[in-house]
Every structure is written in C-alpha cells, then in structure tokens.
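Chemist: This is data.txt (compact mmCIF, N, CA and C atoms).
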```txt
# COMPACT_ATOMS: atom_id res chain seq x y z
N GLN F 237 -5.80 -6.34 56.85
CA GLN F 237 -5.67 -5.39 55.74
C GLN F 237 -6.95 -4.60 55.60
N VAL F 238 -6.78 -3.32 55.31
CA VAL F 238 -7.91 -2.41 55.23
C VAL F 238 -8.07 -1.93 53.80
N GLN F 239 -9.28 -1.95 53.32
CA GLN F 239 -9.60 -1.38 52.00
C GLN F 239 -10.42 -0.11 52.21
N LEU F 240 -10.09 0.91 51.43
CA LEU F 240 -10.78 2.19 51.54
C LEU F 240 -11.37 2.55 50.18
N VAL F 241 -12.63 2.93 50.18
CA VAL F 241 -13.30 3.34 48.96
C VAL F 241 -13.82 4.75 49.16
N GLU F 242 -13.32 5.66 48.33
CA GLU F 242 -13.68 7.06 48.42
C GLU F 242 -14.69 7.42 47.34
N SER F 243 -15.48 8.43 47.62
CA SER F 243 -16.42 8.95 46.63
C SER F 243 -16.75 10.39 46.95
N GLY F 244 -17.31 11.09 45.97
CA GLY F 244 -17.82 12.44 46.23
C GLY F 244 -17.04 13.57 45.60
N GLY F 245 -15.92 13.29 44.99
CA GLY F 245 -15.17 14.37 44.37
C GLY F 245 -15.87 14.86 43.12
N GLY F 246 -15.31 15.94 42.53
CA GLY F 246 -15.90 16.46 41.32
C GLY F 246 -15.48 17.88 41.05
N LEU F 247 -16.20 18.51 40.13
CA LEU F 247 -15.94 19.90 39.73
C LEU F 247 -17.03 20.79 40.30
N VAL F 248 -16.62 21.88 40.92
CA VAL F 248 -17.58 22.80 41.53
C VAL F 248 -17.06 24.22 41.37
N GLN F 249 -17.97 25.17 41.31
CA GLN F 249 -17.57 26.57 41.24
C GLN F 249 -17.16 27.07 42.62
N ALA F 250 -16.33 28.10 42.62
CA ALA F 250 -15.93 28.73 43.88
C ALA F 250 -17.17 29.15 44.67
N GLY F 251 -17.13 28.88 45.97
CA GLY F 251 -18.27 29.16 46.82
C GLY F 251 -19.21 27.99 46.99
N GLY F 252 -19.02 26.97 46.19
CA GLY F 252 -19.89 25.80 46.25
C GLY F 252 -19.47 24.82 47.32
N SER F 253 -20.16 23.68 47.32
CA SER F 253 -19.94 22.65 48.34
C SER F 253 -19.80 21.27 47.72
N LEU F 254 -19.07 20.43 48.40
CA LEU F 254 -18.95 19.02 48.05
C LEU F 254 -18.87 18.22 49.34
N ARG F 255 -19.26 16.96 49.26
CA ARG F 255 -19.15 16.06 50.41
C ARG F 255 -18.41 14.81 49.97
N LEU F 256 -17.29 14.55 50.62
CA LEU F 256 -16.51 13.35 50.35
C LEU F 256 -16.88 12.26 51.36
N SER F 257 -16.84 11.03 50.89
CA SER F 257 -17.10 9.88 51.75
C SER F 257 -15.97 8.86 51.58
N CYS F 258 -15.69 8.14 52.64
CA CYS F 258 -14.69 7.08 52.59
C CYS F 258 -15.14 5.95 53.49
N ALA F 259 -15.37 4.79 52.89
CA ALA F 259 -15.80 3.62 53.63
C ALA F 259 -14.65 2.64 53.77
N ALA F 260 -14.41 2.20 54.99
CA ALA F 260 -13.33 1.26 55.28
C ALA F 260 -13.92 -0.14 55.47
N SER F 261 -13.21 -1.13 54.94
CA SER F 261 -13.65 -2.51 55.10
C SER F 261 -12.42 -3.40 55.27
N GLY F 262 -12.67 -4.64 55.71
CA GLY F 262 -11.56 -5.57 55.93
C GLY F 262 -11.54 -6.02 57.38
N SER F 263 -10.35 -6.37 57.86
CA SER F 263 -10.20 -6.86 59.22
C SER F 263 -10.14 -5.68 60.18
N ILE F 264 -11.32 -5.21 60.56
CA ILE F 264 -11.41 -4.02 61.39
C ILE F 264 -12.18 -4.33 62.66
N ARG F 265 -11.54 -4.09 63.80
CA ARG F 265 -12.25 -4.19 65.08
C ARG F 265 -12.62 -2.79 65.56
N SER F 266 -11.71 -1.87 65.37
CA SER F 266 -11.97 -0.48 65.72
C SER F 266 -10.98 0.37 64.94
N ILE F 267 -11.30 1.64 64.82
CA ILE F 267 -10.45 2.57 64.08
C ILE F 267 -10.07 3.73 64.99
N LEU F 268 -8.78 3.88 65.23
CA LEU F 268 -8.33 4.94 66.11
C LEU F 268 -8.55 6.32 65.48
N ARG F 269 -8.14 6.45 64.24
CA ARG F 269 -8.21 7.76 63.60
C ARG F 269 -8.59 7.61 62.13
N MET F 270 -9.45 8.49 61.67
CA MET F 270 -9.82 8.58 60.25
C MET F 270 -9.61 10.02 59.82
N GLY F 271 -9.19 10.20 58.59
CA GLY F 271 -8.94 11.56 58.18
C GLY F 271 -8.82 11.74 56.68
N TRP F 272 -8.58 12.97 56.31
CA TRP F 272 -8.43 13.35 54.92
C TRP F 272 -7.15 14.17 54.75
N TYR F 273 -6.44 13.87 53.69
CA TYR F 273 -5.28 14.63 53.27
C TYR F 273 -5.51 15.05 51.82
N ARG F 274 -4.72 15.99 51.35
CA ARG F 274 -4.84 16.39 49.96
C ARG F 274 -3.48 16.71 49.37
N GLN F 275 -3.41 16.59 48.06
CA GLN F 275 -2.17 16.89 47.36
C GLN F 275 -2.50 17.63 46.07
N ALA F 276 -2.02 18.86 45.99
CA ALA F 276 -2.20 19.66 44.79
C ALA F 276 -0.99 19.43 43.86
N PRO F 277 -1.13 19.69 42.57
CA PRO F 277 -0.02 19.50 41.64
C PRO F 277 1.22 20.27 42.07
N GLY F 278 2.35 19.58 42.12
CA GLY F 278 3.60 20.22 42.47
C GLY F 278 3.79 20.49 43.94
N LYS F 279 2.86 20.02 44.76
CA LYS F 279 2.96 20.26 46.20
C LYS F 279 2.97 18.95 46.96
N GLN F 280 3.40 19.03 48.22
CA GLN F 280 3.40 17.84 49.07
C GLN F 280 2.00 17.57 49.59
N ARG F 281 1.79 16.31 49.93
CA ARG F 281 0.52 15.95 50.55
C ARG F 281 0.43 16.63 51.92
N GLU F 282 -0.76 17.15 52.22
CA GLU F 282 -0.95 17.87 53.48
C GLU F 282 -2.22 17.42 54.19
N LEU F 283 -2.19 17.59 55.49
CA LEU F 283 -3.35 17.26 56.32
C LEU F 283 -4.49 18.22 56.02
N VAL F 284 -5.69 17.67 55.92
CA VAL F 284 -6.90 18.50 55.84
C VAL F 284 -7.65 18.44 57.16
N ALA F 285 -7.99 17.22 57.58
CA ALA F 285 -8.73 17.06 58.83
C ALA F 285 -8.65 15.62 59.29
N THR F 286 -8.67 15.43 60.61
CA THR F 286 -8.72 14.09 61.18
C THR F 286 -9.77 14.04 62.29
N ALA F 287 -10.24 12.83 62.56
CA ALA F 287 -11.20 12.61 63.64
C ALA F 287 -10.83 11.32 64.35
N THR F 288 -10.71 11.39 65.66
CA THR F 288 -10.32 10.22 66.43
C THR F 288 -11.54 9.47 66.96
N SER F 289 -11.29 8.27 67.45
CA SER F 289 -12.37 7.47 68.01
C SER F 289 -12.95 8.11 69.26
N GLY F 290 -12.17 8.96 69.92
CA GLY F 290 -12.66 9.62 71.12
C GLY F 290 -13.47 10.87 70.83
N GLY F 291 -13.59 11.22 69.57
CA GLY F 291 -14.40 12.38 69.21
C GLY F 291 -13.60 13.64 68.91
N GLY F 292 -12.30 13.57 69.11
CA GLY F 292 -11.48 14.74 68.81
C GLY F 292 -11.32 14.97 67.33
N THR F 293 -11.24 16.23 66.94
CA THR F 293 -11.03 16.58 65.54
C THR F 293 -9.87 17.57 65.43
N ASN F 294 -9.27 17.56 64.25
CA ASN F 294 -8.15 18.46 63.98
C ASN F 294 -8.27 18.93 62.54
N TYR F 295 -8.07 20.21 62.31
CA TYR F 295 -8.21 20.78 60.98
C TYR F 295 -6.98 21.60 60.61
N ALA F 296 -6.67 21.61 59.34
CA ALA F 296 -5.69 22.56 58.83
C ALA F 296 -6.26 23.96 58.96
N ASP F 297 -5.39 24.92 59.25
CA ASP F 297 -5.86 26.30 59.41
C ASP F 297 -6.59 26.79 58.17
N SER F 298 -6.16 26.34 57.02
CA SER F 298 -6.72 26.83 55.76
C SER F 298 -8.16 26.39 55.53
N VAL F 299 -8.63 25.38 56.27
CA VAL F 299 -10.00 24.90 56.05
C VAL F 299 -10.90 25.10 57.26
N LYS F 300 -10.36 25.60 58.35
CA LYS F 300 -11.17 25.81 59.56
C LYS F 300 -12.34 26.74 59.25
N GLY F 301 -13.51 26.35 59.74
CA GLY F 301 -14.70 27.15 59.52
C GLY F 301 -15.40 26.87 58.20
N ARG F 302 -14.76 26.13 57.31
CA ARG F 302 -15.36 25.81 56.01
C ARG F 302 -15.60 24.31 55.84
N PHE F 303 -14.71 23.49 56.38
CA PHE F 303 -14.81 22.04 56.23
C PHE F 303 -15.21 21.43 57.58
N THR F 304 -15.96 20.33 57.50
CA THR F 304 -16.35 19.60 58.70
C THR F 304 -16.13 18.12 58.46
N ILE F 305 -15.39 17.48 59.38
CA ILE F 305 -15.17 16.04 59.30
C ILE F 305 -16.10 15.35 60.28
N SER F 306 -16.62 14.21 59.87
CA SER F 306 -17.48 13.44 60.75
C SER F 306 -17.29 11.95 60.48
N ARG F 307 -17.65 11.15 61.48
CA ARG F 307 -17.48 9.70 61.38
C ARG F 307 -18.79 8.97 61.66
N ASP F 308 -18.99 7.90 60.96
CA ASP F 308 -20.06 6.94 61.24
C ASP F 308 -19.36 5.68 61.68
N ASN F 309 -19.17 5.54 62.98
CA ASN F 309 -18.37 4.43 63.49
C ASN F 309 -19.03 3.08 63.24
N ALA F 310 -20.34 3.04 63.23
CA ALA F 310 -21.04 1.77 63.00
C ALA F 310 -20.76 1.22 61.61
N ASN F 311 -20.48 2.13 60.66
CA ASN F 311 -20.24 1.72 59.28
C ASN F 311 -18.82 1.99 58.81
N ASN F 312 -17.95 2.34 59.76
CA ASN F 312 -16.53 2.58 59.44
C ASN F 312 -16.38 3.55 58.28
N THR F 313 -17.12 4.63 58.36
CA THR F 313 -17.12 5.61 57.27
C THR F 313 -16.78 7.00 57.81
N VAL F 314 -16.02 7.72 57.04
CA VAL F 314 -15.68 9.10 57.39
C VAL F 314 -16.12 10.01 56.25
N TYR F 315 -16.59 11.19 56.64
CA TYR F 315 -17.10 12.17 55.69
C TYR F 315 -16.31 13.47 55.82
N LEU F 316 -16.27 14.20 54.73
CA LEU F 316 -15.70 15.55 54.76
C LEU F 316 -16.67 16.47 54.02
N GLN F 317 -17.37 17.30 54.78
CA GLN F 317 -18.25 18.29 54.19
C GLN F 317 -17.44 19.54 53.91
N MET F 318 -17.39 19.93 52.66
CA MET F 318 -16.58 21.07 52.25
C MET F 318 -17.50 22.17 51.72
N ASN F 319 -17.51 23.29 52.43
CA ASN F 319 -18.32 24.43 52.05
C ASN F 319 -17.43 25.62 51.68
N SER F 320 -18.02 26.59 51.02
CA SER F 320 -17.28 27.80 50.63
C SER F 320 -15.95 27.45 49.97
N LEU F 321 -16.02 26.55 49.03
CA LEU F 321 -14.80 26.07 48.38
C LEU F 321 -14.11 27.18 47.59
N LYS F 322 -12.79 27.10 47.59
CA LYS F 322 -11.95 28.08 46.90
C LYS F 322 -11.11 27.36 45.84
N PRO F 323 -10.66 28.08 44.84
CA PRO F 323 -9.80 27.45 43.83
C PRO F 323 -8.57 26.79 44.44
N GLU F 324 -8.06 27.34 45.52
CA GLU F 324 -6.88 26.76 46.16
C GLU F 324 -7.18 25.45 46.89
N ASP F 325 -8.42 25.08 46.97
CA ASP F 325 -8.78 23.77 47.52
C ASP F 325 -8.66 22.66 46.47
N THR F 326 -8.40 23.03 45.25
CA THR F 326 -8.24 22.05 44.18
C THR F 326 -7.08 21.11 44.47
N ALA F 327 -7.36 19.82 44.48
CA ALA F 327 -6.33 18.82 44.82
C ALA F 327 -6.95 17.43 44.68
N VAL F 328 -6.09 16.43 44.79
CA VAL F 328 -6.56 15.06 44.98
C VAL F 328 -6.67 14.84 46.49
N TYR F 329 -7.83 14.41 46.92
CA TYR F 329 -8.09 14.20 48.34
C TYR F 329 -7.99 12.70 48.65
N TYR F 330 -7.22 12.39 49.69
CA TYR F 330 -6.97 11.00 50.07
C TYR F 330 -7.54 10.72 51.45
N CYS F 331 -8.24 9.63 51.55
CA CYS F 331 -8.71 9.14 52.84
C CYS F 331 -7.56 8.42 53.54
N ASN F 332 -7.50 8.56 54.85
CA ASN F 332 -6.46 7.92 55.65
C ASN F 332 -7.09 7.29 56.87
N VAL F 333 -6.66 6.07 57.18
CA VAL F 333 -7.20 5.36 58.34
C VAL F 333 -6.04 4.75 59.13
N LEU F 334 -6.12 4.92 60.44
CA LEU F 334 -5.15 4.30 61.35
C LEU F 334 -5.94 3.48 62.36
N LEU F 335 -5.72 2.16 62.35
CA LEU F 335 -6.50 1.30 63.22
C LEU F 335 -6.07 1.40 64.69
N SER F 336 -4.77 1.48 64.91
CA SER F 336 -4.27 1.53 66.27
C SER F 336 -2.90 2.20 66.24
N PRO F 337 -2.36 2.52 67.42
CA PRO F 337 -1.01 3.13 67.45
C PRO F 337 0.07 2.18 66.91
N PHE F 338 -0.26 0.90 66.79
CA PHE F 338 0.73 -0.09 66.38
C PHE F 338 0.55 -0.53 64.93
N SER F 339 -0.42 0.04 64.24
CA SER F 339 -0.68 -0.36 62.86
C SER F 339 -0.13 0.67 61.89
N GLN F 340 -0.11 0.28 60.63
CA GLN F 340 0.32 1.20 59.58
C GLN F 340 -0.87 2.00 59.08
N ASN F 341 -0.57 3.16 58.54
CA ASN F 341 -1.62 3.96 57.91
C ASN F 341 -2.11 3.27 56.64
N SER F 342 -3.39 3.36 56.40
CA SER F 342 -3.97 2.89 55.15
C SER F 342 -4.48 4.10 54.37
N TRP F 343 -4.30 4.04 53.05
CA TRP F 343 -4.67 5.17 52.20
C TRP F 343 -5.66 4.75 51.13
N GLY F 344 -6.57 5.65 50.82
CA GLY F 344 -7.47 5.43 49.70
C GLY F 344 -6.79 5.78 48.39
N GLN F 345 -7.52 5.55 47.30
CA GLN F 345 -6.93 5.76 45.97
C GLN F 345 -6.93 7.23 45.57
N GLY F 346 -7.67 8.06 46.28
CA GLY F 346 -7.73 9.47 45.99
C GLY F 346 -8.92 9.84 45.13
N THR F 347 -9.47 11.00 45.39
CA THR F 347 -10.58 11.52 44.59
C THR F 347 -10.29 12.98 44.25
N GLN F 348 -10.50 13.33 43.00
CA GLN F 348 -10.16 14.66 42.52
C GLN F 348 -11.24 15.67 42.89
N VAL F 349 -10.81 16.78 43.46
CA VAL F 349 -11.69 17.92 43.71
C VAL F 349 -11.14 19.11 42.94
N THR F 350 -11.96 19.68 42.08
CA THR F 350 -11.56 20.82 41.28
C THR F 350 -12.53 21.96 41.52
N VAL F 351 -11.99 23.11 41.92
CA VAL F 351 -12.81 24.29 42.18
C VAL F 351 -12.46 25.36 41.16
N SER F 352 -13.43 25.73 40.37
CA SER F 352 -13.20 26.74 39.32
C SER F 352 -13.52 28.13 39.85
N SER F 353 -12.81 29.11 39.34
CA SER F 353 -13.02 30.49 39.79
C SER F 353 -14.05 31.22 38.95
```
Could I get this file's structure written as structure tokens?
Modeler:
Amino acid sequence: QVQLVESGGGLVQAGGSLRLSCAASGSIRSILRMGWYRQAPGKQRELVATATSGGGTNYADSVKGRFTISRDNANNTVYLQMNSLKPEDTAVYYCNVLLSPFSQNSWGQGTQVTVSS
C-alpha cells in the first residue's frame, strides 16, 4: 500500500508561480510513473503531467511551456513547478503514482490551487 502526501498548493495571482510536492511512502521498491492530475469545479479530472522511471515526461497541451514535472527517485517524491499561472489553472491538484504495470493507481488527497485574475 502506498501513501501519498501532497503540499504546496495555495492562492496566487495570475502570472505567479507555485511548486507542488508529493512524497510517496509505504511498500515501495520502485515507481514506474508519477504524475499530477487536476479537477476544476464541474469538470472531469484531467492529466496535467507525468514522469516515468525511464525519464520520459508527458504534459497536457494547456500547460506545456509553463509547468515542469520532476522526480527525486531516491526520496520517492515528485514535483510540479507551475509558472505563468492562469485563472484557468484553478483546480484541485492530485498526485498519482503507479508502481508497476500490474499495480493499481494510488492517489493523493488533493491540494487546492487558486489563481486570481
């Protein structure tokens, strides 16, 4: 079982920056994929960015060039650096971890990001 603890959300003005962190703990030998999703009010949860153990990254088109995902594999932690934030980035951001192709996804409790105009 994997436990995820997120931090770093908050209120920021448009154009500002925030950095989200998510630390995974529990019975972990390795982590295939770590990532971030978000859900705005009245909308479905959507992919923001993922990073694989092999170094590959994937971003939603809406955040390319503004957000950067990174991993600290030694500490089982994933980060999301968010720059040039826009009001439409306002959402609850969820950390997601997949240990292997045969495991279930694990989700964090979510952290609120609010961008004011």
Chemist: What's around Ala287 (chain F) at 5 Å? Count only N, CA and C atoms, leave out sequence neighbours fewer than 2 positions away in its own chain, and write the answer as an mmCIF file with N, CA and C atoms, keeping the file's coordinate frame.
Modeler:
```
data_model
loop_
_atom_site.group_PDB
_atom_site.id
_atom_site.type_symbol
_atom_site.label_atom_id
_atom_site.label_comp_id
_atom_site.auth_asym_id
_atom_site.auth_seq_id
_atom_site.Cartn_x
_atom_site.Cartn_y
_atom_site.Cartn_z
ATOM 1 N N ARG F 269 -8.140 6.450 64.240
ATOM 2 C CA ARG F 269 -8.210 7.760 63.600
ATOM 3 C C ARG F 269 -8.590 7.610 62.130
ATOM 4 N N MET F 270 -9.450 8.490 61.670
ATOM 5 C CA MET F 270 -9.820 8.580 60.250
ATOM 6 C C MET F 270 -9.610 10.020 59.820
ATOM 7 N N GLY F 271 -9.190 10.200 58.590
ATOM 8 C CA GLY F 271 -8.940 11.560 58.180
ATOM 9 C C GLY F 271 -8.820 11.740 56.680
ATOM 10 N N ALA F 285 -7.990 17.220 57.580
ATOM 11 C CA ALA F 285 -8.730 17.060 58.830
ATOM 12 C C ALA F 285 -8.650 15.620 59.290
ATOM 13 N N SER F 289 -11.290 8.270 67.450
ATOM 14 C CA SER F 289 -12.370 7.470 68.010
ATOM 15 C C SER F 289 -12.950 8.110 69.260
ATOM 16 N N GLY F 292 -12.300 13.570 69.110
ATOM 17 C CA GLY F 292 -11.480 14.740 68.810
ATOM 18 C C GLY F 292 -11.320 14.970 67.330
ATOM 19 N N THR F 293 -11.240 16.230 66.940
ATOM 20 C CA THR F 293 -11.030 16.580 65.540
ATOM 21 C C THR F 293 -9.870 17.570 65.430
#
```
Chemist: Mind the document's chain letters and residue numbers, and return as number ranges by chain the residues of region 267-347 of chain F that DSSP labels strand (DSSP E or B).
Modeler: F: 269-275, 282-288, 293-295, 303-308, 313-318, 327-334, 342-343, 347
Chemist: Restricting the output to N, CA and C atoms, write the selected residues as a CSV table (one decimal), in the frame of the given file.
Modeler:
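Dumped to part_39.csv:
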```csv
chain,number,residue,atom,x,y,z
F,269,ARG,N,-8.1,6.4,64.2
F,269,ARG,CA,-8.2,7.8,63.6
F,269,ARG,C,-8.6,7.6,62.1
F,270,MET,N,-9.4,8.5,61.7
F,270,MET,CA,-9.8,8.6,60.2
F,270,MET,C,-9.6,10.0,59.8
F,271,GLY,N,-9.2,10.2,58.6
F,271,GLY,CA,-8.9,11.6,58.2
F,271,GLY,C,-8.8,11.7,56.7
F,272,TRP,N,-8.6,13.0,56.3
F,272,TRP,CA,-8.4,13.4,54.9
F,272,TRP,C,-7.2,14.2,54.8
F,273,TYR,N,-6.4,13.9,53.7
F,273,TYR,CA,-5.3,14.6,53.3
F,273,TYR,C,-5.5,15.0,51.8
F,274,ARG,N,-4.7,16.0,51.4
F,274,ARG,CA,-4.8,16.4,50.0
F,274,ARG,C,-3.5,16.7,49.4
F,275,GLN,N,-3.4,16.6,48.1
F,275,GLN,CA,-2.2,16.9,47.4
F,275,GLN,C,-2.5,17.6,46.1
F,282,GLU,N,-0.8,17.2,52.2
F,282,GLU,CA,-1.0,17.9,53.5
F,282,GLU,C,-2.2,17.4,54.2
F,283,LEU,N,-2.2,17.6,55.5
F,283,LEU,CA,-3.4,17.3,56.3
F,283,LEU,C,-4.5,18.2,56.0
F,284,VAL,N,-5.7,17.7,55.9
F,284,VAL,CA,-6.9,18.5,55.8
F,284,VAL,C,-7.6,18.4,57.2
F,285,ALA,N,-8.0,17.2,57.6
F,285,ALA,CA,-8.7,17.1,58.8
F,285,ALA,C,-8.6,15.6,59.3
F,286,THR,N,-8.7,15.4,60.6
F,286,THR,CA,-8.7,14.1,61.2
F,286,THR,C,-9.8,14.0,62.3
F,287,ALA,N,-10.2,12.8,62.6
F,287,ALA,CA,-11.2,12.6,63.6
F,287,ALA,C,-10.8,11.3,64.4
F,288,THR,N,-10.7,11.4,65.7
F,288,THR,CA,-10.3,10.2,66.4
F,288,THR,C,-11.5,9.5,67.0
F,293,THR,N,-11.2,16.2,66.9
F,293,THR,CA,-11.0,16.6,65.5
F,293,THR,C,-9.9,17.6,65.4
F,294,ASN,N,-9.3,17.6,64.2
F,294,ASN,CA,-8.2,18.5,64.0
F,294,ASN,C,-8.3,18.9,62.5
F,295,TYR,N,-8.1,20.2,62.3
F,295,TYR,CA,-8.2,20.8,61.0
F,295,TYR,C,-7.0,21.6,60.6
F,303,PHE,N,-14.7,23.5,56.4
F,303,PHE,CA,-14.8,22.0,56.2
F,303,PHE,C,-15.2,21.4,57.6
F,304,THR,N,-16.0,20.3,57.5
F,304,THR,CA,-16.4,19.6,58.7
F,304,THR,C,-16.1,18.1,58.5
F,305,ILE,N,-15.4,17.5,59.4
F,305,ILE,CA,-15.2,16.0,59.3
F,305,ILE,C,-16.1,15.4,60.3
F,306,SER,N,-16.6,14.2,59.9
F,306,SER,CA,-17.5,13.4,60.8
F,306,SER,C,-17.3,12.0,60.5
F,307,ARG,N,-17.6,11.2,61.5
F,307,ARG,CA,-17.5,9.7,61.4
F,307,ARG,C,-18.8,9.0,61.7
F,308,ASP,N,-19.0,7.9,61.0
F,308,ASP,CA,-20.1,6.9,61.2
F,308,ASP,C,-19.4,5.7,61.7
F,313,THR,N,-17.1,4.6,58.4
F,313,THR,CA,-17.1,5.6,57.3
F,313,THR,C,-16.8,7.0,57.8
F,314,VAL,N,-16.0,7.7,57.0
F,314,VAL,CA,-15.7,9.1,57.4
F,314,VAL,C,-16.1,10.0,56.2
F,315,TYR,N,-16.6,11.2,56.6
F,315,TYR,CA,-17.1,12.2,55.7
F,315,TYR,C,-16.3,13.5,55.8
F,316,LEU,N,-16.3,14.2,54.7
F,316,LEU,CA,-15.7,15.6,54.8
F,316,LEU,C,-16.7,16.5,54.0
F,317,GLN,N,-17.4,17.3,54.8
F,317,GLN,CA,-18.2,18.3,54.2
F,317,GLN,C,-17.4,19.5,53.9
F,318,MET,N,-17.4,19.9,52.7
F,318,MET,CA,-16.6,21.1,52.2
F,318,MET,C,-17.5,22.2,51.7
F,327,ALA,N,-7.4,19.8,44.5
F,327,ALA,CA,-6.3,18.8,44.8
F,327,ALA,C,-7.0,17.4,44.7
F,328,VAL,N,-6.1,16.4,44.8
F,328,VAL,CA,-6.6,15.1,45.0
F,328,VAL,C,-6.7,14.8,46.5
F,329,TYR,N,-7.8,14.4,46.9
F,329,TYR,CA,-8.1,14.2,48.3
F,329,TYR,C,-8.0,12.7,48.6
F,330,TYR,N,-7.2,12.4,49.7
F,330,TYR,CA,-7.0,11.0,50.1
F,330,TYR,C,-7.5,10.7,51.4
F,331,CYS,N,-8.2,9.6,51.6
F,331,CYS,CA,-8.7,9.1,52.8
F,331,CYS,C,-7.6,8.4,53.5
F,332,ASN,N,-7.5,8.6,54.8
F,332,ASN,CA,-6.5,7.9,55.6
F,332,ASN,C,-7.1,7.3,56.9
F,333,VAL,N,-6.7,6.1,57.2
F,333,VAL,CA,-7.2,5.4,58.3
F,333,VAL,C,-6.0,4.8,59.1
F,334,LEU,N,-6.1,4.9,60.4
F,334,LEU,CA,-5.2,4.3,61.4
F,334,LEU,C,-5.9,3.5,62.4
F,342,SER,N,-3.4,3.4,56.4
F,342,SER,CA,-4.0,2.9,55.2
F,342,SER,C,-4.5,4.1,54.4
F,343,TRP,N,-4.3,4.0,53.0
F,343,TRP,CA,-4.7,5.2,52.2
F,343,TRP,C,-5.7,4.8,51.1
F,347,THR,N,-9.5,11.0,45.4
F,347,THR,CA,-10.6,11.5,44.6
F,347,THR,C,-10.3,13.0,44.2
```
Chemist: To one decimal in Å, tell me the separation between atom C of Ser263 (chain F) and atom C of Val314 (chain F).
Modeler: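 Those two atoms sit 17.2 Å apart.
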Chemist: One decimal, Å: what's the distance from atom C of Asn309 (chain F) over to atom N of Leu268 (chain F), could you say?
Modeler: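 For atom C of Asn309 (chain F) relative to atom N of Leu268 (chain F), the distance reads 10.5 Å.
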Chemist: Please provide the set of residues having any atom within 9 Å of region 318-324 of chain F, restricted to only C-alpha atoms, with same-chain residues fewer than 5 positions apart removed, written as a PDB file with N, CA and C atoms, keeping the file's coordinate frame.
Modeler:
```pdb
ATOM      1  N   VAL F 248     -16.620  21.880  40.920  1.00  0.00           N
ATOM      2  CA  VAL F 248     -17.580  22.800  41.530  1.00  0.00           C
ATOM      3  C   VAL F 248     -17.060  24.220  41.370  1.00  0.00           C
ATOM      4  N   GLN F 249     -17.970  25.170  41.310  1.00  0.00           N
ATOM      5  CA  GLN F 249     -17.570  26.570  41.240  1.00  0.00           C
ATOM      6  C   GLN F 249     -17.160  27.070  42.620  1.00  0.00           C
ATOM      7  N   ALA F 250     -16.330  28.100  42.620  1.00  0.00           N
ATOM      8  CA  ALA F 250     -15.930  28.730  43.880  1.00  0.00           C
ATOM      9  C   ALA F 250     -17.170  29.150  44.670  1.00  0.00           C
ATOM     10  N   GLY F 251     -17.130  28.880  45.970  1.00  0.00           N
ATOM     11  CA  GLY F 251     -18.270  29.160  46.820  1.00  0.00           C
ATOM     12  C   GLY F 251     -19.210  27.990  46.990  1.00  0.00           C
ATOM     13  N   GLY F 252     -19.020  26.970  46.190  1.00  0.00           N
ATOM     14  CA  GLY F 252     -19.890  25.800  46.250  1.00  0.00           C
ATOM     15  C   GLY F 252     -19.470  24.820  47.320  1.00  0.00           C
ATOM     16  N   SER F 253     -20.160  23.680  47.320  1.00  0.00           N
ATOM     17  CA  SER F 253     -19.940  22.650  48.340  1.00  0.00           C
ATOM     18  C   SER F 253     -19.800  21.270  47.720  1.00  0.00           C
ATOM     19  N   LEU F 254     -19.070  20.430  48.400  1.00  0.00           N
ATOM     20  CA  LEU F 254     -18.950  19.020  48.050  1.00  0.00           C
ATOM     21  C   LEU F 254     -18.870  18.220  49.340  1.00  0.00           C
ATOM     22  N   ARG F 255     -19.260  16.960  49.260  1.00  0.00           N
ATOM     23  CA  ARG F 255     -19.150  16.060  50.410  1.00  0.00           C
ATOM     24  C   ARG F 255     -18.410  14.810  49.970  1.00  0.00           C
ATOM     25  N   LEU F 256     -17.290  14.550  50.620  1.00  0.00           N
ATOM     26  CA  LEU F 256     -16.510  13.350  50.350  1.00  0.00           C
ATOM     27  C   LEU F 256     -16.880  12.260  51.360  1.00  0.00           C
ATOM     28  N   ALA F 276      -2.020  18.860  45.990  1.00  0.00           N
ATOM     29  CA  ALA F 276      -2.200  19.660  44.790  1.00  0.00           C
ATOM     30  C   ALA F 276      -0.990  19.430  43.860  1.00  0.00           C
ATOM     31  N   VAL F 299      -8.630  25.380  56.270  1.00  0.00           N
ATOM     32  CA  VAL F 299     -10.000  24.900  56.050  1.00  0.00           C
ATOM     33  C   VAL F 299     -10.900  25.100  57.260  1.00  0.00           C
ATOM     34  N   GLY F 301     -13.510  26.350  59.740  1.00  0.00           N
ATOM     35  CA  GLY F 301     -14.700  27.150  59.520  1.00  0.00           C
ATOM     36  C   GLY F 301     -15.400  26.870  58.200  1.00  0.00           C
ATOM     37  N   ARG F 302     -14.760  26.130  57.310  1.00  0.00           N
ATOM     38  CA  ARG F 302     -15.360  25.810  56.010  1.00  0.00           C
ATOM     39  C   ARG F 302     -15.600  24.310  55.840  1.00  0.00           C
ATOM     40  N   PHE F 303     -14.710  23.490  56.380  1.00  0.00           N
ATOM     41  CA  PHE F 303     -14.810  22.040  56.230  1.00  0.00           C
ATOM     42  C   PHE F 303     -15.210  21.430  57.580  1.00  0.00           C
ATOM     43  N   THR F 304     -15.960  20.330  57.500  1.00  0.00           N
ATOM     44  CA  THR F 304     -16.350  19.600  58.700  1.00  0.00           C
ATOM     45  C   THR F 304     -16.130  18.120  58.460  1.00  0.00           C
ATOM     46  N   ILE F 305     -15.390  17.480  59.380  1.00  0.00           N
ATOM     47  CA  ILE F 305     -15.170  16.040  59.300  1.00  0.00           C
ATOM     48  C   ILE F 305     -16.100  15.350  60.280  1.00  0.00           C
ATOM     49  N   THR F 350     -11.960  19.680  42.080  1.00  0.00           N
ATOM     50  CA  THR F 350     -11.560  20.820  41.280  1.00  0.00           C
ATOM     51  C   THR F 350     -12.530  21.960  41.520  1.00  0.00           C
ATOM     52  N   VAL F 351     -11.990  23.110  41.920  1.00  0.00           N
ATOM     53  CA  VAL F 351     -12.810  24.290  42.180  1.00  0.00           C
ATOM     54  C   VAL F 351     -12.460  25.360  41.160  1.00  0.00           C
ATOM     55  N   SER F 352     -13.430  25.730  40.370  1.00  0.00           N
ATOM     56  CA  SER F 352     -13.200  26.740  39.320  1.00  0.00           C
ATOM     57  C   SER F 352     -13.520  28.130  39.850  1.00  0.00           C
ATOM     58  N   SER F 353     -12.810  29.110  39.340  1.00  0.00           N
ATOM     59  CA  SER F 353     -13.020  30.490  39.790  1.00  0.00           C
ATOM     60  C   SER F 353     -14.050  31.220  38.950  1.00  0.00           C
TER      61      SER F 353
END
```
Chemist: Name all residues at most 6.5 Å from Gln275 (chain F) (count all atoms listed in the file; drop same-chain ones fewer than 3 positions away) and give them as a PyMOL selection string.
Modeler: chain F and resi 279-282+326-330
Chemist: Extract, using all atoms listed in the file, all DNA, RNA and protein residues at most 6 Å from Gln239 (chain F), discarding same-chain residues fewer than 4 positions from it, and format them as a PyMOL selection string.
Modeler: chain F and resi 259-262
